[in-house]
Amino acid sequence: MNTITCKKCGEPIEISEALQGQIEAQVLAAEHKKHEAEIVKIKSDAADAAKKQLASEKELLAEQLKNDLEIATKKLELEADSKQKKAVLEQEMHIKTLRDDAESAKESNKELRDQLTELTKELREERKTRANVELEAEKRIAAEEAKIREEASKQADEKQRLNLAAKEKTITDLQKALEDAQRKAAQGSQQLQGEIMELDLETALTNNFRDDDIEPVAKGTKGGDIRQVVKSPRGTQCGVMLWELKRTKNWVDGWIPKLKEDLRAEKANIPIIVTEAMPKTISEDIGAMQGVWICKPQLAIVLATLLRKGLLDAGLQKALAENRGGKADALYSFVTSHEFVQQIEAMVETYQEMTAQITKERTYYEKFWKAREAQAQRLLLGTASIVGSMQGHIGQASMPKIKGLDLLGAGEDEIE
């Protein structure tokens, strides 16, 4: 405890109260810094809670608010520091004066005590005023901070809502565009795969059979997919193979009648279907069904080589037969030609269809006739039963003879 002794009365005087203002100023500064740290923490928590797309804007607002708070805080600190320094300086000057006066004359003790009391009172009033000013400043800063935070939050929420609405619309538009693209891709995928398979087979036929004419059938035109005109090394046309390519997972029986119609329209010789989906009746990767050759894509060239050899051999025989001349030879050539065979096959197919229809009608009418016959038999037996009952009641002689029942009557006479 720091004291000085009054020279006049000899009583000790405490001077610690004179330094109380400086200590309180230091505590106030520490509390202010703590408040500042709490404000910075609140801002940091608010910035962390904000969404990522608004981080830059809220950081900018927080930075601006921080700068404003720092400026206001520094201003208050400067003012407080200035007042504190001034008060400390005045206090030190007063203490020094009092010490000098106390040492120089004890009679001035009463005046010194009054001055110290007045100084202490002034210091207390000053501290109270400074505390009130700082409290009001903190209230104003807190109010401004809350107002700025509320406005920033409102602006951020509104902007976030608009951004979210814009993003949702963009996502919806992109999803719709993606669905349209996927639907178009799915529609064109099968056709594109078929075109690729057709081009691949066309290239393979061209590379393996350079003497032949490989003619792709245009899309939308009735016929197969590829028309292969088989020619001998001398350029003589020996026949036509009509290729139909199917890239599906399941076999369809309707392909065969359609290809036969296209075969007749093109006047071709051999119909071929290339498909991964083989009919149930063909267990191997290659086979014939109703006059149409069917194979998988990997065996197309092998089948073409075998069938082409048959056409070349037939073309050679035809060329040899052309030297005979005469109507008989022409008729023979026509009868042995593929065109004649195809016409006969068409007639036989028509006959088979008519026979199948007649069989169906016969089956139906046989059933109908059997039902009618059973009804007639029941009617005849019922009539005979009625006549027999009447004869039993009134006697056979009294009944007139009924044509058709005589034999039944004779049988009854024999029984009697």
# chains A, B, ... in the order shown; residues from 1 in each chain; ligands from 1
call {"tool": "select_by_dssp", "arguments": {"residues": "segment 60-268 of chain A", "states": "strand (DSSP E)", "output": "list in words"}}
result
Asp213, Ile214, Glu215, Pro216, Ile226, Arg227, Gln228, Val229, Val230, Lys231, Gln237, Cys238, Gly239, Val240, Met241, Leu242, Trp243, Glu244, Leu245 and Lys246 of chain A
call {"tool": "residues_around", "arguments": {"residues": "segment 145-153 of chain A", "least_positions_apart": "4", "cutoff": "9 Å", "atoms": "only C-alpha atoms", "output": "number ranges by chain"}}
result
A: 57-58, 61-62, 65, 69, 140-141, 157-158
call {"tool": "write_last_selection", "arguments": {"atoms": "N, CA and C atoms", "output": "PDB file, in the first residue's frame"}}
result
ATOM      1  N   GLU A  57     -19.967 -12.960 -51.090  1.00  0.00           N
ATOM      2  CA  GLU A  57     -20.692 -11.734 -50.766  1.00  0.00           C
ATOM      3  C   GLU A  57     -20.727 -11.494 -49.254  1.00  0.00           C
ATOM      4  N   LYS A  58     -20.997 -12.542 -48.484  1.00  0.00           N
ATOM      5  CA  LYS A  58     -21.080 -12.359 -47.035  1.00  0.00           C
ATOM      6  C   LYS A  58     -19.700 -12.038 -46.443  1.00  0.00           C
ATOM      7  N   LEU A  61     -19.283  -8.394 -47.026  1.00  0.00           N
ATOM      8  CA  LEU A  61     -20.056  -7.609 -46.051  1.00  0.00           C
ATOM      9  C   LEU A  61     -19.427  -7.704 -44.668  1.00  0.00           C
ATOM     10  N   ALA A  62     -19.001  -8.921 -44.280  1.00  0.00           N
ATOM     11  CA  ALA A  62     -18.383  -9.097 -42.968  1.00  0.00           C
ATOM     12  C   ALA A  62     -17.087  -8.297 -42.861  1.00  0.00           C
ATOM     13  N   LEU A  65     -18.049  -4.713 -42.477  1.00  0.00           N
ATOM     14  CA  LEU A  65     -18.519  -4.498 -41.106  1.00  0.00           C
ATOM     15  C   LEU A  65     -17.352  -4.526 -40.118  1.00  0.00           C
ATOM     16  N   LEU A  69     -16.264  -1.620 -37.677  1.00  0.00           N
ATOM     17  CA  LEU A  69     -16.135  -1.834 -36.234  1.00  0.00           C
ATOM     18  C   LEU A  69     -14.726  -1.510 -35.747  1.00  0.00           C
ATOM     19  N   ARG A 140     -24.719   1.260 -29.687  1.00  0.00           N
ATOM     20  CA  ARG A 140     -24.908   1.734 -31.065  1.00  0.00           C
ATOM     21  C   ARG A 140     -24.239   0.777 -32.065  1.00  0.00           C
ATOM     22  N   ILE A 141     -23.036   0.341 -31.711  1.00  0.00           N
ATOM     23  CA  ILE A 141     -22.319  -0.587 -32.602  1.00  0.00           C
ATOM     24  C   ILE A 141     -23.086  -1.901 -32.743  1.00  0.00           C
ATOM     25  N   ASP A 157     -30.491 -14.106 -48.579  1.00  0.00           N
ATOM     26  CA  ASP A 157     -31.579 -15.081 -48.745  1.00  0.00           C
ATOM     27  C   ASP A 157     -32.325 -14.869 -50.051  1.00  0.00           C
ATOM     28  N   GLU A 158     -32.595 -13.610 -50.388  1.00  0.00           N
ATOM     29  CA  GLU A 158     -33.313 -13.322 -51.635  1.00  0.00           C
ATOM     30  C   GLU A 158     -32.479 -13.728 -52.845  1.00  0.00           C
TER      31      GLU A 158
END
call {"tool": "residues_around", "arguments": {"residues": "segment 298-309 of chain A", "least_positions_apart": "2", "cutoff": "10 Å", "atoms": "only C-alpha atoms", "output": "PyMOL selection string"}}
result
chain A and resi 201+204-205+208-209+212+228-232+238-241+243+270+272-276+285-287+293-296+311-315
call {"tool": "write_last_selection", "arguments": {"atoms": "N, CA and C atoms", "output": "short mmCIF file (atom, residue, chain, number, x, y, z; two decimals), in the first residue's frame"}}
result
data_model
loop_
_atom_site.label_atom_id
_atom_site.label_comp_id
_atom_site.auth_asym_id
_atom_site.auth_seq_id
_atom_site.Cartn_x
_atom_site.Cartn_y
_atom_site.Cartn_z
N LEU A 201 -21.31 -55.85 -94.08
CA LEU A 201 -21.51 -56.99 -94.97
C LEU A 201 -21.26 -56.59 -96.42
N ALA A 204 -17.58 -56.55 -96.93
CA ALA A 204 -17.03 -57.91 -96.95
C ALA A 204 -17.34 -58.62 -98.27
N LEU A 205 -18.58 -58.47 -98.77
CA LEU A 205 -18.94 -59.09 -100.05
C LEU A 205 -18.12 -58.50 -101.19
N ASN A 208 -14.50 -59.88 -101.02
CA ASN A 208 -14.35 -61.31 -101.27
C ASN A 208 -14.78 -61.72 -102.68
N PHE A 209 -15.72 -60.99 -103.26
CA PHE A 209 -16.24 -61.37 -104.59
C PHE A 209 -16.16 -60.14 -105.51
N ASP A 212 -18.45 -59.82 -108.71
CA ASP A 212 -19.89 -59.60 -108.56
C ASP A 212 -20.21 -58.12 -108.41
N GLN A 228 -26.88 -58.97 -104.57
CA GLN A 228 -25.60 -59.44 -105.08
C GLN A 228 -25.81 -60.15 -106.41
N VAL A 229 -25.33 -59.51 -107.47
CA VAL A 229 -25.42 -60.10 -108.81
C VAL A 229 -24.16 -60.94 -109.03
N VAL A 230 -24.32 -62.26 -109.10
CA VAL A 230 -23.19 -63.18 -109.24
C VAL A 230 -22.78 -63.23 -110.71
N LYS A 231 -21.50 -63.01 -110.96
CA LYS A 231 -20.97 -63.02 -112.33
C LYS A 231 -19.75 -63.93 -112.40
N SER A 232 -19.59 -64.52 -113.57
CA SER A 232 -18.42 -65.37 -113.82
C SER A 232 -17.21 -64.49 -114.09
N CYS A 238 -24.80 -64.94 -113.63
CA CYS A 238 -25.22 -66.31 -113.33
C CYS A 238 -26.40 -66.38 -112.34
N GLY A 239 -26.73 -65.32 -111.71
CA GLY A 239 -27.84 -65.34 -110.76
C GLY A 239 -27.75 -64.16 -109.81
N VAL A 240 -28.77 -64.06 -108.95
CA VAL A 240 -28.86 -62.94 -108.00
C VAL A 240 -29.16 -63.50 -106.62
N MET A 241 -28.37 -63.05 -105.64
CA MET A 241 -28.64 -63.39 -104.23
C MET A 241 -29.16 -62.14 -103.54
N TRP A 243 -29.98 -60.36 -100.03
CA TRP A 243 -29.62 -60.42 -98.61
C TRP A 243 -30.57 -59.54 -97.80
N ILE A 270 -31.69 -66.56 -104.94
CA ILE A 270 -31.49 -67.14 -103.61
C ILE A 270 -31.77 -66.07 -102.56
N ILE A 272 -31.52 -64.83 -98.62
CA ILE A 272 -30.69 -65.10 -97.44
C ILE A 272 -31.04 -64.09 -96.35
N ILE A 273 -31.21 -64.59 -95.14
CA ILE A 273 -31.45 -63.73 -93.97
C ILE A 273 -30.25 -63.87 -93.04
N VAL A 274 -29.63 -62.77 -92.69
CA VAL A 274 -28.50 -62.73 -91.75
C VAL A 274 -29.02 -62.17 -90.44
N THR A 275 -28.94 -62.95 -89.37
CA THR A 275 -29.50 -62.54 -88.08
C THR A 275 -28.82 -63.26 -86.95
N GLU A 276 -28.79 -62.61 -85.78
CA GLU A 276 -28.28 -63.25 -84.57
C GLU A 276 -29.33 -64.14 -83.92
N ASP A 285 -25.74 -72.57 -86.46
CA ASP A 285 -25.61 -71.16 -86.83
C ASP A 285 -25.94 -70.91 -88.29
N ILE A 286 -26.28 -71.96 -89.04
CA ILE A 286 -26.61 -71.82 -90.46
C ILE A 286 -27.61 -72.91 -90.81
N GLY A 287 -28.56 -72.59 -91.70
CA GLY A 287 -29.57 -73.57 -92.09
C GLY A 287 -30.56 -72.97 -93.07
N TRP A 293 -32.38 -69.32 -96.93
CA TRP A 293 -31.18 -69.60 -96.16
C TRP A 293 -31.07 -68.61 -95.01
N ILE A 294 -30.68 -69.12 -93.83
CA ILE A 294 -30.57 -68.29 -92.63
C ILE A 294 -29.22 -68.59 -91.98
N CYS A 295 -28.50 -67.52 -91.61
CA CYS A 295 -27.19 -67.71 -90.98
C CYS A 295 -26.91 -66.53 -90.07
N LYS A 296 -25.90 -66.74 -89.21
CA LYS A 296 -25.43 -65.66 -88.36
C LYS A 296 -24.39 -64.82 -89.11
N LEU A 311 -24.56 -71.19 -108.10
CA LEU A 311 -25.05 -70.32 -109.19
C LEU A 311 -24.07 -70.32 -110.36
N LEU A 312 -22.77 -70.32 -110.06
CA LEU A 312 -21.78 -70.35 -111.14
C LEU A 312 -21.88 -71.65 -111.94
N ASP A 313 -22.06 -72.79 -111.21
CA ASP A 313 -22.21 -74.08 -111.90
C ASP A 313 -23.48 -74.09 -112.75
N ALA A 314 -24.56 -73.56 -112.18
CA ALA A 314 -25.81 -73.51 -112.95
C ALA A 314 -25.67 -72.59 -114.16
N GLY A 315 -24.94 -71.48 -113.99
CA GLY A 315 -24.71 -70.57 -115.12
C GLY A 315 -23.89 -71.23 -116.21
#
call {"tool": "atom_distance", "arguments": {"atom1": "atom CA of Leu316 of chain A", "atom2": "atom CA of Gly235 of chain A"}}
result
12.1 Å
call {"tool": "closest_residue", "arguments": {"among": "A:Asp180, A:Val252, A:Asp213, A:His35", "to": "Ala142 of chain A", "atoms": "only C-alpha atoms"}}
result
A:His35
